[in-house]
$ cat target-v7.txt   # compact mmCIF, C-alpha atoms
# COMPACT_ATOMS: atom_id res chain seq x y z
CA MET A 207 12.51 3.13 -28.09
CA LYS A 208 12.66 3.47 -24.32
CA ARG A 209 16.19 2.12 -24.53
CA ASN A 210 17.35 4.99 -26.67
CA LEU A 211 15.51 7.78 -24.89
CA LEU A 212 16.96 7.36 -21.43
CA PRO A 213 20.63 7.99 -22.17
CA ILE A 214 19.59 10.97 -24.27
CA ALA A 215 17.49 12.33 -21.41
CA PHE A 216 20.42 11.92 -19.04
CA ILE A 217 22.81 13.67 -21.41
CA GLY A 218 20.25 16.47 -21.65
CA ILE A 219 20.17 16.82 -17.87
CA VAL A 220 23.96 16.85 -17.73
CA ILE A 221 24.16 19.58 -20.34
CA PHE A 222 21.47 21.53 -18.50
CA PHE A 223 23.52 21.54 -15.33
CA ASN A 224 26.81 21.68 -17.10
CA ASN A 225 27.72 25.29 -16.66
CA CYS A 226 31.31 24.19 -16.31
CA THR A 227 33.51 26.65 -14.53
CA ASN A 228 37.16 26.61 -13.64
CA ALA A 229 37.35 28.03 -10.14
CA SER A 230 39.99 27.42 -7.54
CA GLU A 231 40.43 28.62 -3.99
CA GLU A 232 41.92 32.02 -4.86
CA ASP A 233 38.92 32.80 -7.08
CA LEU A 234 36.37 32.38 -4.32
CA ILE A 235 37.98 34.09 -1.35
CA ASP A 236 37.97 37.79 -0.54
CA VAL A 237 41.53 38.96 -0.79
CA ILE A 238 41.86 41.14 2.29
CA PRO A 239 45.34 41.65 3.66
CA ILE A 240 45.73 40.30 7.19
CA SER A 241 45.11 43.16 9.63
CA GLU A 242 47.86 44.44 11.88
CA ASN A 243 46.76 42.80 15.07
CA ILE A 244 44.74 39.63 14.99
CA VAL A 245 42.38 39.37 17.95
CA TYR A 246 40.15 36.50 18.95
CA THR A 247 36.69 38.04 19.05
CA GLU A 248 36.95 39.85 15.73
CA ASP A 249 39.10 37.59 13.57
CA VAL A 250 39.31 34.06 14.94
CA LYS A 251 35.95 33.47 16.61
CA PRO A 252 33.98 33.74 13.34
CA ILE A 253 36.18 31.05 11.75
CA ILE A 254 35.77 28.75 14.76
CA ASP A 255 32.02 29.40 14.93
CA ASN A 256 31.50 28.69 11.24
CA ASN A 257 33.58 25.54 11.07
CA CYS A 258 34.26 23.90 14.42
CA ILE A 259 31.50 24.28 16.98
CA ILE A 260 29.06 22.01 15.11
CA CYS A 261 30.98 19.20 16.80
CA HIS A 262 33.27 21.05 19.23
CA SER A 263 30.29 22.30 21.21
CA ASN A 264 29.64 21.91 24.91
CA PRO A 265 29.23 19.03 25.40
CA PRO A 266 31.21 18.03 22.27
CA GLN A 267 29.41 16.01 19.59
CA ASN A 268 30.40 13.20 17.20
CA GLY A 269 33.43 12.10 19.18
CA ALA A 270 35.11 15.52 19.37
CA PRO A 271 37.36 15.50 22.43
CA MET A 272 36.89 19.08 23.58
CA SER A 273 34.76 22.18 23.20
CA LEU A 274 35.85 25.26 21.25
CA LEU A 275 33.10 27.58 22.41
CA SER A 276 35.08 30.01 24.53
CA TYR A 277 38.27 32.00 24.12
CA GLU A 278 39.93 29.86 26.84
CA ASN A 279 38.94 26.66 25.00
CA VAL A 280 40.45 27.81 21.71
CA LYS A 281 43.60 29.21 23.33
CA ASP A 282 44.10 25.90 25.12
CA ALA A 283 43.57 23.96 21.88
CA VAL A 284 46.21 26.06 20.08
CA GLU A 285 48.71 25.72 22.93
CA ASN A 286 48.17 22.12 23.97
CA ARG A 287 46.08 20.28 21.40
CA ASN A 288 47.80 20.98 18.08
CA LEU A 289 44.91 22.99 16.66
CA ILE A 290 47.09 24.65 14.01
CA PRO A 291 48.77 21.47 12.67
CA ARG A 292 45.37 19.84 12.67
CA ILE A 293 43.67 22.49 10.51
CA SER A 294 46.65 22.95 8.18
CA SER A 295 47.39 19.27 7.48
CA GLU A 296 47.21 18.20 3.86
CA ASP A 297 46.27 14.65 4.81
CA LEU A 298 42.53 14.70 4.18
CA SER A 299 41.98 11.84 6.60
CA PHE A 300 43.60 13.87 9.40
CA VAL A 301 42.73 17.48 8.65
CA MET A 302 40.04 19.30 10.61
CA PRO A 303 37.16 19.98 10.00
CA PHE A 304 36.77 16.21 9.74
CA GLY A 305 35.42 14.93 6.42
CA GLY A 306 35.23 18.41 4.99
CA PRO A 307 37.49 20.22 2.61
CA ARG A 308 40.55 21.82 4.16
CA LEU A 309 39.86 25.42 5.23
CA PRO A 310 40.92 28.05 2.70
CA GLN A 311 44.54 29.01 3.31
CA ASN A 312 43.69 32.66 4.11
CA LEU A 313 41.63 31.52 7.13
CA ILE A 314 44.35 29.15 8.32
CA ASP A 315 46.83 32.03 8.01
CA ILE A 316 44.67 34.18 10.30
CA VAL A 317 44.82 31.55 13.04
CA ILE A 318 48.59 31.13 12.58
CA GLN A 319 49.06 34.91 12.75
CA TRP A 320 46.86 35.10 15.84
CA ASN A 321 49.12 32.56 17.54
CA GLU A 322 52.23 34.50 16.54
CA ASP A 323 50.69 37.74 17.80
CA GLY A 324 50.24 36.20 21.23
CA LEU A 325 46.67 34.84 21.27
CA ILE A 326 45.07 38.17 22.20
CA GLU A 327 41.39 38.05 23.16
CA GLU A 328 40.18 41.50 22.09
CA MET B 150 1.87 -16.56 6.69
CA LEU B 151 5.06 -16.25 8.65
CA SER B 152 6.60 -19.41 7.22
CA PHE B 153 5.59 -18.30 3.75
CA SER B 154 7.59 -15.08 3.97
CA GLN B 155 10.57 -16.94 5.36
CA GLU B 156 10.59 -19.30 2.42
CA ASP B 157 10.44 -16.30 0.16
CA LEU B 158 13.64 -14.94 1.66
CA LEU B 159 15.42 -18.26 1.37
CA ALA B 160 14.40 -18.54 -2.25
CA GLU B 161 15.93 -15.14 -2.88
CA ILE B 162 19.26 -16.19 -1.41
CA ASP B 163 19.24 -19.40 -3.44
CA THR B 164 19.00 -17.59 -6.74
CA ASP B 165 22.57 -16.31 -6.24
CA SER B 166 21.61 -13.14 -8.05
CA VAL B 167 24.99 -11.44 -7.55
CA THR B 168 26.56 -13.72 -10.12
CA ASP B 169 26.84 -11.91 -13.39
CA GLN B 170 24.37 -12.85 -16.07
CA TYR B 171 26.93 -12.76 -18.84
CA ALA B 172 28.76 -15.89 -19.87
CA THR B 173 32.07 -14.13 -19.43
CA ALA B 174 31.93 -12.25 -16.13
CA ALA B 175 35.25 -10.48 -15.85
CA PHE B 176 34.57 -9.11 -12.36
CA LYS B 177 32.32 -10.21 -9.50
CA GLY B 178 32.03 -6.84 -7.80
CA LEU B 179 30.61 -3.64 -9.26
CA LYS B 180 33.98 -2.14 -8.38
CA ILE B 181 37.48 -3.59 -8.66
CA VAL B 182 38.55 -1.67 -5.57
CA ASN B 183 38.03 2.02 -6.20
CA PHE B 184 37.42 1.90 -9.93
CA GLU B 185 34.12 0.80 -11.41
CA SER B 186 34.36 -2.64 -12.96
CA THR B 187 32.60 -3.68 -16.17
CA LYS B 188 29.98 -5.56 -14.16
CA LEU B 189 26.46 -4.18 -14.13
CA VAL B 190 23.49 -4.88 -11.90
CA ALA B 191 20.96 -7.13 -13.66
CA LYS B 192 17.65 -5.83 -14.95
CA LYS B 193 15.12 -4.85 -12.22
CA GLU B 194 17.61 -5.58 -9.46
CA LEU B 195 18.53 -3.16 -6.73
CA THR B 196 21.97 -3.36 -5.17
CA PHE B 197 22.94 -1.51 -2.02
CA ILE B 198 26.64 -0.89 -1.42
CA VAL B 199 28.08 0.35 1.85
CA SER B 200 31.68 1.47 1.61
CA HIS B 201 34.03 2.60 4.33
CA ARG B 202 37.51 4.01 4.23
CA PHE B 203 39.20 4.31 7.59
CA GLY B 204 41.77 6.94 8.46
CA SER B 205 45.49 6.37 8.10
CA ILE B 206 46.85 3.23 9.77
CA LYS B 207 50.02 5.27 10.40
CA ASN B 208 48.63 6.90 13.53
CA GLY B 209 48.41 3.51 15.25
CA PHE B 210 46.45 3.04 18.44
CA ASP B 211 45.87 6.77 18.85
CA SER B 212 43.07 6.52 16.28
CA PHE B 213 42.92 2.69 16.39
CA PHE B 214 44.57 2.39 12.98
CA GLY B 215 42.15 4.82 11.43
CA LEU B 216 38.88 3.62 12.92
CA ASP B 217 38.23 7.04 14.43
CA ASP B 218 38.62 8.83 11.12
CA ALA B 219 36.44 6.67 8.89
CA VAL B 220 34.35 7.98 6.02
CA THR B 221 31.31 6.23 4.60
CA ARG B 222 29.51 6.03 1.29
CA LEU B 223 26.02 4.65 0.79
CA ASN B 224 25.20 3.75 -2.80
CA PHE B 225 22.06 2.38 -4.45
CA VAL B 226 22.37 0.93 -7.95
CA TYR B 227 19.33 -0.14 -9.97
CA GLY B 228 19.17 -2.06 -13.24
CA LEU B 229 16.68 -0.04 -15.25
CA PHE B 230 16.85 -2.45 -18.15
CA GLU B 231 19.33 -4.96 -19.50
CA GLY B 232 22.77 -3.38 -19.68
CA PHE B 233 21.75 -0.03 -18.14
CA ASN B 234 22.20 0.99 -14.49
CA ILE B 235 21.35 4.14 -12.62
CA SER B 236 22.74 4.92 -9.19
CA VAL B 237 22.63 7.48 -6.44
CA SER B 238 25.03 7.84 -3.54
CA ARG B 239 25.96 9.99 -0.61
CA SER B 240 29.46 10.08 0.85
CA SER B 241 30.49 11.59 4.14
CA PHE B 242 33.75 12.62 2.47
CA GLN B 243 32.96 16.30 1.78
CA LYS B 244 29.24 15.50 2.01
CA ILE B 245 29.06 14.55 -1.65
CA TYR B 246 25.82 13.55 -3.35
CA GLU B 247 26.38 11.71 -6.59
CA SER B 248 24.32 10.17 -9.34
CA ALA B 249 25.56 8.03 -12.21
CA ILE B 250 24.61 5.95 -15.20
CA LYS B 251 26.53 2.90 -16.33
CA TYR B 252 25.75 1.17 -19.59
CA ASN B 253 27.06 -1.78 -21.51
CA LEU B 254 28.31 -0.99 -25.00
CA ILE B 255 29.97 -4.23 -26.12
CA LYS B 256 30.25 -7.61 -24.41
CA GLN B 257 33.19 -9.93 -24.68
CA GLN B 258 32.34 -13.09 -26.63
CA GLU B 259 33.91 -16.50 -26.42
CA ASN B 260 34.82 -16.62 -30.08
CA GLY B 261 34.12 -13.07 -31.10
CA PHE B 262 34.94 -9.60 -29.86
CA PRO B 263 37.66 -9.91 -27.21
CA LEU B 264 36.64 -7.02 -24.92
CA THR B 265 33.79 -5.82 -22.77
CA ILE B 266 33.25 -2.05 -23.04
CA VAL B 267 31.11 -0.12 -20.57
CA GLY B 268 30.41 3.61 -20.29
CA TYR B 269 30.13 5.45 -16.99
CA ASN B 270 28.95 9.03 -16.40
CA SER B 271 28.50 10.69 -13.07
CA VAL B 272 27.48 14.06 -11.62
CA LEU B 273 28.65 15.07 -8.15
CA ILE B 274 27.49 17.78 -5.75
CA ASN B 275 29.84 18.81 -2.95
CA THR B 276 27.66 20.13 -0.14
CA ALA B 277 30.52 20.63 2.32
CA LEU B 278 31.77 23.86 0.74
CA GLU B 279 30.77 26.83 2.89
CA LYS B 280 29.93 30.33 1.79
CA ASP B 281 31.28 31.56 5.14
CA ASN B 282 34.74 30.37 4.11
CA LEU B 283 34.47 31.02 0.37
CA PRO B 284 32.46 34.26 0.05
CA LYS B 285 32.17 34.10 -3.72
CA LEU B 286 30.88 30.53 -3.73
CA GLU B 287 27.96 29.81 -6.06
CA PHE B 288 26.02 26.58 -6.55
CA LYS B 289 27.85 25.74 -9.77
CA HIS B 290 31.15 25.50 -7.88
CA ARG B 291 29.81 22.49 -6.03
CA LEU B 292 29.44 20.42 -9.17
CA GLY B 293 31.77 17.83 -10.64
CA TYR B 294 31.49 15.44 -13.57
CA THR B 295 33.00 12.09 -14.50
CA THR B 296 33.15 10.45 -17.91
CA GLN B 297 34.78 7.07 -18.09
CA VAL B 298 35.16 4.21 -20.54
CA LEU B 299 35.73 0.86 -18.88
CA ILE B 300 37.41 -1.74 -21.07
CA SER B 301 37.88 -5.20 -19.65
CA ARG B 302 39.13 -8.51 -20.87
CA LYS B 303 38.67 -11.84 -19.19
CA VAL B 304 41.99 -13.41 -20.11
CA ASN B 305 41.14 -16.84 -18.72
CA THR B 306 38.78 -18.28 -16.11
CA ASN B 307 40.88 -16.90 -13.27
CA PHE B 308 42.34 -13.68 -14.54
CA SER B 309 40.71 -10.45 -15.76
CA VAL B 310 42.15 -7.04 -16.54
CA GLU B 311 40.64 -3.59 -17.06
CA LEU B 312 41.69 -0.29 -18.56
CA ALA B 313 39.73 2.85 -17.67
CA PRO B 314 40.47 6.06 -19.58
CA THR B 315 38.86 8.82 -17.52
CA TYR B 316 38.01 12.48 -17.96
CA PHE B 317 36.75 14.34 -14.92
CA HIS B 318 36.01 17.95 -14.18
CA ASP B 319 35.63 19.66 -10.81
CA ASN B 320 34.12 23.12 -11.04
CA TYR B 321 36.09 23.99 -7.92
CA VAL B 322 39.55 22.76 -6.96
CA THR B 323 41.40 23.68 -3.78
CA ILE B 324 44.84 23.70 -5.38
CA ASN B 325 45.13 26.96 -7.33
CA GLU B 326 47.50 25.56 -9.96
CA GLN B 327 45.39 22.48 -10.62
CA ASN B 328 43.55 22.41 -13.94
CA ASN B 329 39.85 21.82 -13.29
CA SER B 330 39.63 19.43 -16.25
CA GLN B 331 41.63 16.35 -15.40
CA PHE B 332 42.60 13.18 -17.22
CA ALA B 333 43.55 9.81 -15.87
CA ILE B 334 43.98 6.20 -16.91
CA GLY B 335 42.85 3.47 -14.58
CA PHE B 336 44.45 0.03 -14.54
CA GLY B 337 42.80 -2.86 -12.75
CA GLY B 338 43.02 -6.58 -12.41
CA ARG B 339 41.39 -9.48 -10.65
CA TYR B 340 42.92 -12.87 -10.01
CA LYS B 341 40.67 -15.63 -8.73
CA LEU B 342 42.35 -17.50 -5.90
CA THR B 343 39.59 -19.94 -4.96
CA LYS B 344 35.91 -20.30 -5.69
CA ARG B 345 35.07 -17.56 -3.20
CA TRP B 346 38.20 -15.47 -2.94
CA SER B 347 39.94 -13.27 -5.45
CA LEU B 348 42.80 -10.78 -5.34
CA ASN B 349 42.05 -7.34 -6.77
CA VAL B 350 44.34 -4.43 -7.62
CA ASP B 351 43.69 -1.06 -9.21
CA TYR B 352 45.78 2.02 -9.90
CA GLY B 353 44.93 5.46 -11.30
CA LEU B 354 47.51 7.32 -13.33
CA HIS B 355 46.68 11.04 -13.23
CA LEU B 356 47.90 12.73 -16.40
CA ASN B 357 47.77 16.44 -15.55
CA ARG B 358 48.19 16.86 -11.83
CA ALA B 359 49.55 20.23 -10.68
CA VAL B 360 53.28 20.14 -9.94
CA ASP B 361 52.91 21.26 -6.31
CA SER B 362 49.80 19.18 -5.64
CA PRO B 363 49.88 17.28 -2.33
CA PHE B 364 47.72 14.55 -3.85
CA LYS B 365 48.94 11.18 -5.10
CA ASN B 366 47.92 8.55 -7.61
CA PRO B 367 45.62 6.00 -5.97
CA LEU B 368 46.88 2.42 -5.61
CA SER B 369 44.65 -0.16 -3.99
CA ILE B 370 45.12 -3.83 -3.20
CA GLY B 371 42.41 -6.03 -1.80
CA VAL B 372 40.40 -9.21 -1.85
CA ASP B 373 36.84 -10.11 -2.86
CA LEU B 374 34.97 -12.55 -0.68
CA GLU B 375 31.76 -13.91 -2.13
CA THR B 376 29.12 -15.16 0.24
CA GLY B 377 25.39 -15.82 -0.27
CA GLY B 378 23.96 -12.62 -1.70
CA HIS B 379 26.93 -10.48 -0.75
CA VAL B 380 30.23 -9.50 -2.24
CA PHE B 381 32.55 -8.35 0.50
CA GLN B 382 35.60 -6.41 -0.69
CA MET B 383 38.39 -5.61 1.78
CA HIS B 384 41.43 -3.62 0.84
CA PHE B 385 44.19 -1.17 1.55
CA THR B 386 44.32 2.03 -0.44
CA ASN B 387 45.96 5.45 -0.28
CA ALA B 388 42.73 7.22 -1.26
CA GLN B 389 40.07 8.01 1.31
CA PRO B 390 37.46 9.45 -1.08
CA MET B 391 35.30 6.87 -2.84
CA ASN B 392 33.82 8.82 -5.76
CA THR B 393 35.85 8.75 -8.97
CA ASN B 394 36.69 12.47 -8.89
CA GLY B 395 37.71 12.06 -5.26
CA PHE B 396 40.06 9.09 -5.39
CA LEU B 397 41.68 10.29 -8.62
CA GLY B 398 41.90 13.96 -7.67
CA GLN B 399 42.29 13.95 -3.89
CA ALA B 400 44.07 10.83 -2.68
CA SER B 401 46.28 12.12 0.12
CA GLY B 402 47.81 8.92 1.47
CA ASP B 403 51.21 7.58 0.50
CA TRP B 404 52.17 3.91 0.31
CA ALA B 405 55.86 4.74 0.74
CA ASP B 406 55.16 6.34 4.16
CA GLY B 407 52.76 3.65 5.34
CA ASP B 408 50.11 6.34 5.13
CA ILE B 409 47.35 4.07 3.82
CA TYR B 410 43.78 3.34 4.71
CA PHE B 411 41.91 0.13 5.35
CA GLY B 412 38.54 -0.02 3.64
CA PHE B 413 35.74 -2.24 2.51
CA ASN B 414 32.83 -2.31 0.10
CA LEU B 415 29.89 -4.49 1.08
CA SER B 416 27.21 -5.06 -1.53
CA ARG B 417 23.81 -6.68 -1.11
CA VAL B 418 21.28 -7.41 -3.83
CA PHE B 419 17.60 -6.89 -3.08
$ encode --input "target-v7.txt" --output "structure tokens"
Amino acid sequence: MKRNLLPIAFIGIVIFFNNCTNASEEDLIDVIPISENIVYTEDVKPIIDNNCIICHSNPPQNGAPMSLLSYENVKDAVENRNLIPRISSEDLSFVMPFGGPRLPQNLIDIVIQWNEDGLIEE
Amino acid sequence: MLSFSQEDLLAEIDTDSVTDQYATAAFKGLKIVNFESTKLVAKKELTFIVSHRFGSIKNGFDSFFGLDDAVTRLNFVYGLFEGFNISVSRSSFQKIYESAIKYNLIKQQENGFPLTIVGYNSVLINTALEKDNLPKLEFKHRLGYTTQVLISRKVNTNFSVELAPTYFHDNYVTINEQNNSQFAIGFGGRYKLTKRWSLNVDYGLHLNRAVDSPFKNPLSIGVDLETGGHVFQMHFTNAQPMNTNGFLGQASGDWADGDIYFGFNLSRVF
């Protein structure tokens, strides 16, 4: 009896949770066109703060080589430490944030645009 | 008292409890490499499996052939009753919690049915997705499901093969063109080299991958080393994730480029 009940219970749990959806990245992001001038404090800092400074703090944690707390830190990382190739890589063993999913493309595009606009602080 | 507990431990090692209870054990590990094998944990036994996948060996000494970019999975599997396992795991790859059941449907017999058939169902929760990055994220988007039938045949004492038709669904996929419901067929084999060593290979053929997907089919080659109460599996693979949805859906390495990862699964029976 016990033998038969357990798989059934598990299937029940699966069905309970199984509100299957079919979402992809474009369904879950806010589609806001990239603003004219990307500046650090308004556009880039929130992305860095949400995703990077858990490890790239001061002092850096979990083997991170440098801090990304300040504008100078981030500017230096873009110019000298391959920050953009590192966040836009499609190799999941290489992409930053480490071990996480790749950032949504719209956020990566903001950082790329910021670099092209000249890494303006505010 | 002290000597008594030591003898207890020795007795446990002597029972060689990793060895499969069935007369025809097709596989010695719970996994071939990435794919689940048709082996189950025996009744009332708890197995702990630590798995690692390093980063790409391609980057050489800069990351010490991937050591710096390793991901880990801790997995507990318990034999609830004969032919029925439950398991829970946590992987550092996308902070995934996972729970699964694995159950024996048919066993291969010496002079009877030629195959062993095992079912495998799993539920995954991706806790690495962030609402800050994905403003419309809801809890349901974190979930994924795996349904798999594992069919193995022990061809002779040294050689076993497995086929694993798989259906898996991720409620959220990063690639916009990728269908959330995905199908794959797993192929695996084990060739026993010596009493303790065997050569293992598995490959996952994804049947509906998006055309522009950066992800590849996972191919893994490795060896099993059996010691006391351990099975030690070492291998090279082009998939860093260790959950079924992960290595089938998000393997980003490429054998042709030398972009592969060293990994191992270490299992211990309690």
$ interface_residues --input "target-v7.txt" --of "chain B" --to "chain A" --cutoff "6 Å" --atoms "all atoms listed in the file" --output "PyMOL selection string"
chain B and resi 204+242-243+277+283-286+320-323+325+329+401
$ closest_residue --input "target-v7.txt" --among "B:Ala191, B:Val226, B:Ser416, B:Gln399" --to "His379 (chain B)" --atoms "only C-alpha atoms"
B:Ser416
$ atom_distance --input "target-v7.txt" --atom1 "CA of Val190 (chain B)" --atom2 "CA of Leu254 (chain B)"
14.5 Å
$ closest_residue --input "target-v7.txt" --among "A:Ile254, A:Ile238, A:Ile293, A:Ile260" --to "Val280 (chain A)" --atoms "all atoms listed in the file"
A:Ile254
$ closest_residue --input "target-v7.txt" --among "B:Gly353, B:Val304, B:Asp281, B:Asn208" --to "Asp255 (chain A)" --atoms "all atoms listed in the file"
B:Asp281
$ atom_distance --input "target-v7.txt" --atom1 "CA of Arg358 (chain B)" --atom2 "CA of Trp404 (chain B)"
18.2 Å
$ residues_near_point --input "target-v7.txt" --point "(26.7, 6.8, -16.3)" --cutoff "8 Å" --atoms "all atoms listed in the file" --output "PyMOL selection string"
chain B and resi 234-235+249-252+268-271+296
$ closest_residue --input "target-v7.txt" --among "B:Asn224, B:Thr393, B:Ser362, B:Thr386" --to "Gly335 (chain B)" --atoms "all atoms listed in the file"
B:Thr393
$ closest_residue --input "target-v7.txt" --among "A:Ser276, A:Val317, A:Asp323, A:Ala283" --to "Asp249 (chain A)" --atoms "all atoms listed in the file"
A:Val317
$ atom_distance --input "target-v7.txt" --atom1 "CA of Lys244 (chain B)" --atom2 "CA of Gln382 (chain B)"
23.0 Å
$ residues_around --input "target-v7.txt" --residues "Leu312 (chain B)" --least-positions-apart "2" --cutoff "8 Å" --atoms "all atoms listed in the file" --output "short mmCIF file (atom, residue, chain, number, x, y, z; two decimals) with C-alpha atoms, keeping the file's coordinate frame"
data_model
loop_
_atom_site.label_atom_id
_atom_site.label_comp_id
_atom_site.auth_asym_id
_atom_site.auth_seq_id
_atom_site.Cartn_x
_atom_site.Cartn_y
_atom_site.Cartn_z
CA LEU B 299 35.73 0.86 -18.88
CA ILE B 300 37.41 -1.74 -21.07
CA SER B 301 37.88 -5.20 -19.65
CA VAL B 310 42.15 -7.04 -16.54
CA PRO B 314 40.47 6.06 -19.58
CA ILE B 334 43.98 6.20 -16.91
CA GLY B 335 42.85 3.47 -14.58
CA PHE B 336 44.45 0.03 -14.54
CA GLY B 337 42.80 -2.86 -12.75
#
$ closest_residue --input "target-v7.txt" --among "A:Cys261, A:Gln319, A:Asn286, A:Ala270" --to "Pro239 (chain A)" --atoms "only C-alpha atoms"
A:Gln319
$ residues_around --input "target-v7.txt" --residues "Lys256 (chain B)" --least-positions-apart "5" --cutoff "8 Å" --atoms "all atoms listed in the file" --output "list of chain:residue names"
B:Phe262, B:Leu264, B:Thr265, B:Ile266
$ residues_around --input "target-v7.txt" --residues "Tyr294 (chain B)" --least-positions-apart "5" --cutoff "6 Å" --atoms "only C-alpha atoms" --output "list in words"
Ser271, Val272, Phe317 and His318 of chain B
$ decode --input "target-v7.txt" --residues "region 293-307 of chain A" --atoms "N, CA and C atoms" --output "PDB file, in the first residue's frame"
ATOM      1  N   ILE A 293      31.147  40.212 -18.876  1.00  0.00           N
ATOM      2  CA  ILE A 293      29.709  40.096 -18.587  1.00  0.00           C
ATOM      3  C   ILE A 293      28.921  39.661 -19.815  1.00  0.00           C
ATOM      4  N   SER A 294      29.505  39.815 -21.020  1.00  0.00           N
ATOM      5  CA  SER A 294      28.723  39.449 -22.200  1.00  0.00           C
ATOM      6  C   SER A 294      29.108  38.092 -22.792  1.00  0.00           C
ATOM      7  N   SER A 295      30.062  37.404 -22.176  1.00  0.00           N
ATOM      8  CA  SER A 295      30.452  36.073 -22.664  1.00  0.00           C
ATOM      9  C   SER A 295      29.278  35.110 -22.621  1.00  0.00           C
ATOM     10  N   GLU A 296      29.249  34.198 -23.596  1.00  0.00           N
ATOM     11  CA  GLU A 296      28.215  33.163 -23.573  1.00  0.00           C
ATOM     12  C   GLU A 296      28.748  31.838 -23.048  1.00  0.00           C
ATOM     13  N   ASP A 297      29.996  31.845 -22.602  1.00  0.00           N
ATOM     14  CA  ASP A 297      30.550  30.672 -21.930  1.00  0.00           C
ATOM     15  C   ASP A 297      30.183  30.775 -20.455  1.00  0.00           C
ATOM     16  N   LEU A 298      29.279  29.916 -20.021  1.00  0.00           N
ATOM     17  CA  LEU A 298      28.743  30.038 -18.654  1.00  0.00           C
ATOM     18  C   LEU A 298      29.789  29.770 -17.580  1.00  0.00           C
ATOM     19  N   SER A 299      30.919  29.182 -17.971  1.00  0.00           N
ATOM     20  CA  SER A 299      31.954  28.966 -16.967  1.00  0.00           C
ATOM     21  C   SER A 299      32.857  30.194 -16.849  1.00  0.00           C
ATOM     22  N   PHE A 300      32.669  31.157 -17.741  1.00  0.00           N
ATOM     23  CA  PHE A 300      33.543  32.331 -17.796  1.00  0.00           C
ATOM     24  C   PHE A 300      32.786  33.607 -17.476  1.00  0.00           C
ATOM     25  N   VAL A 301      31.490  33.613 -17.796  1.00  0.00           N
ATOM     26  CA  VAL A 301      30.697  34.836 -17.694  1.00  0.00           C
ATOM     27  C   VAL A 301      30.578  35.291 -16.236  1.00  0.00           C
ATOM     28  N   MET A 302      30.550  36.613 -16.063  1.00  0.00           N
ATOM     29  CA  MET A 302      30.267  37.196 -14.757  1.00  0.00           C
ATOM     30  C   MET A 302      28.835  37.724 -14.779  1.00  0.00           C
ATOM     31  N   PRO A 303      28.066  37.648 -13.686  1.00  0.00           N
ATOM     32  CA  PRO A 303      28.428  37.168 -12.361  1.00  0.00           C
ATOM     33  C   PRO A 303      28.684  35.659 -12.363  1.00  0.00           C
ATOM     34  N   PHE A 304      29.711  35.255 -11.626  1.00  0.00           N
ATOM     35  CA  PHE A 304      30.146  33.870 -11.601  1.00  0.00           C
ATOM     36  C   PHE A 304      29.054  32.952 -11.052  1.00  0.00           C
ATOM     37  N   GLY A 305      28.807  31.854 -11.757  1.00  0.00           N
ATOM     38  CA  GLY A 305      27.849  30.851 -11.294  1.00  0.00           C
ATOM     39  C   GLY A 305      26.401  31.242 -11.483  1.00  0.00           C
ATOM     40  N   GLY A 306      26.179  32.472 -11.888  1.00  0.00           N
ATOM     41  CA  GLY A 306      24.800  32.929 -12.043  1.00  0.00           C
ATOM     42  C   GLY A 306      24.394  32.877 -13.494  1.00  0.00           C
ATOM     43  N   PRO A 307      23.136  33.180 -13.774  1.00  0.00           N
ATOM     44  CA  PRO A 307      22.777  33.306 -15.174  1.00  0.00           C
ATOM     45  C   PRO A 307      23.437  34.562 -15.744  1.00  0.00           C
TER      46      PRO A 307
END
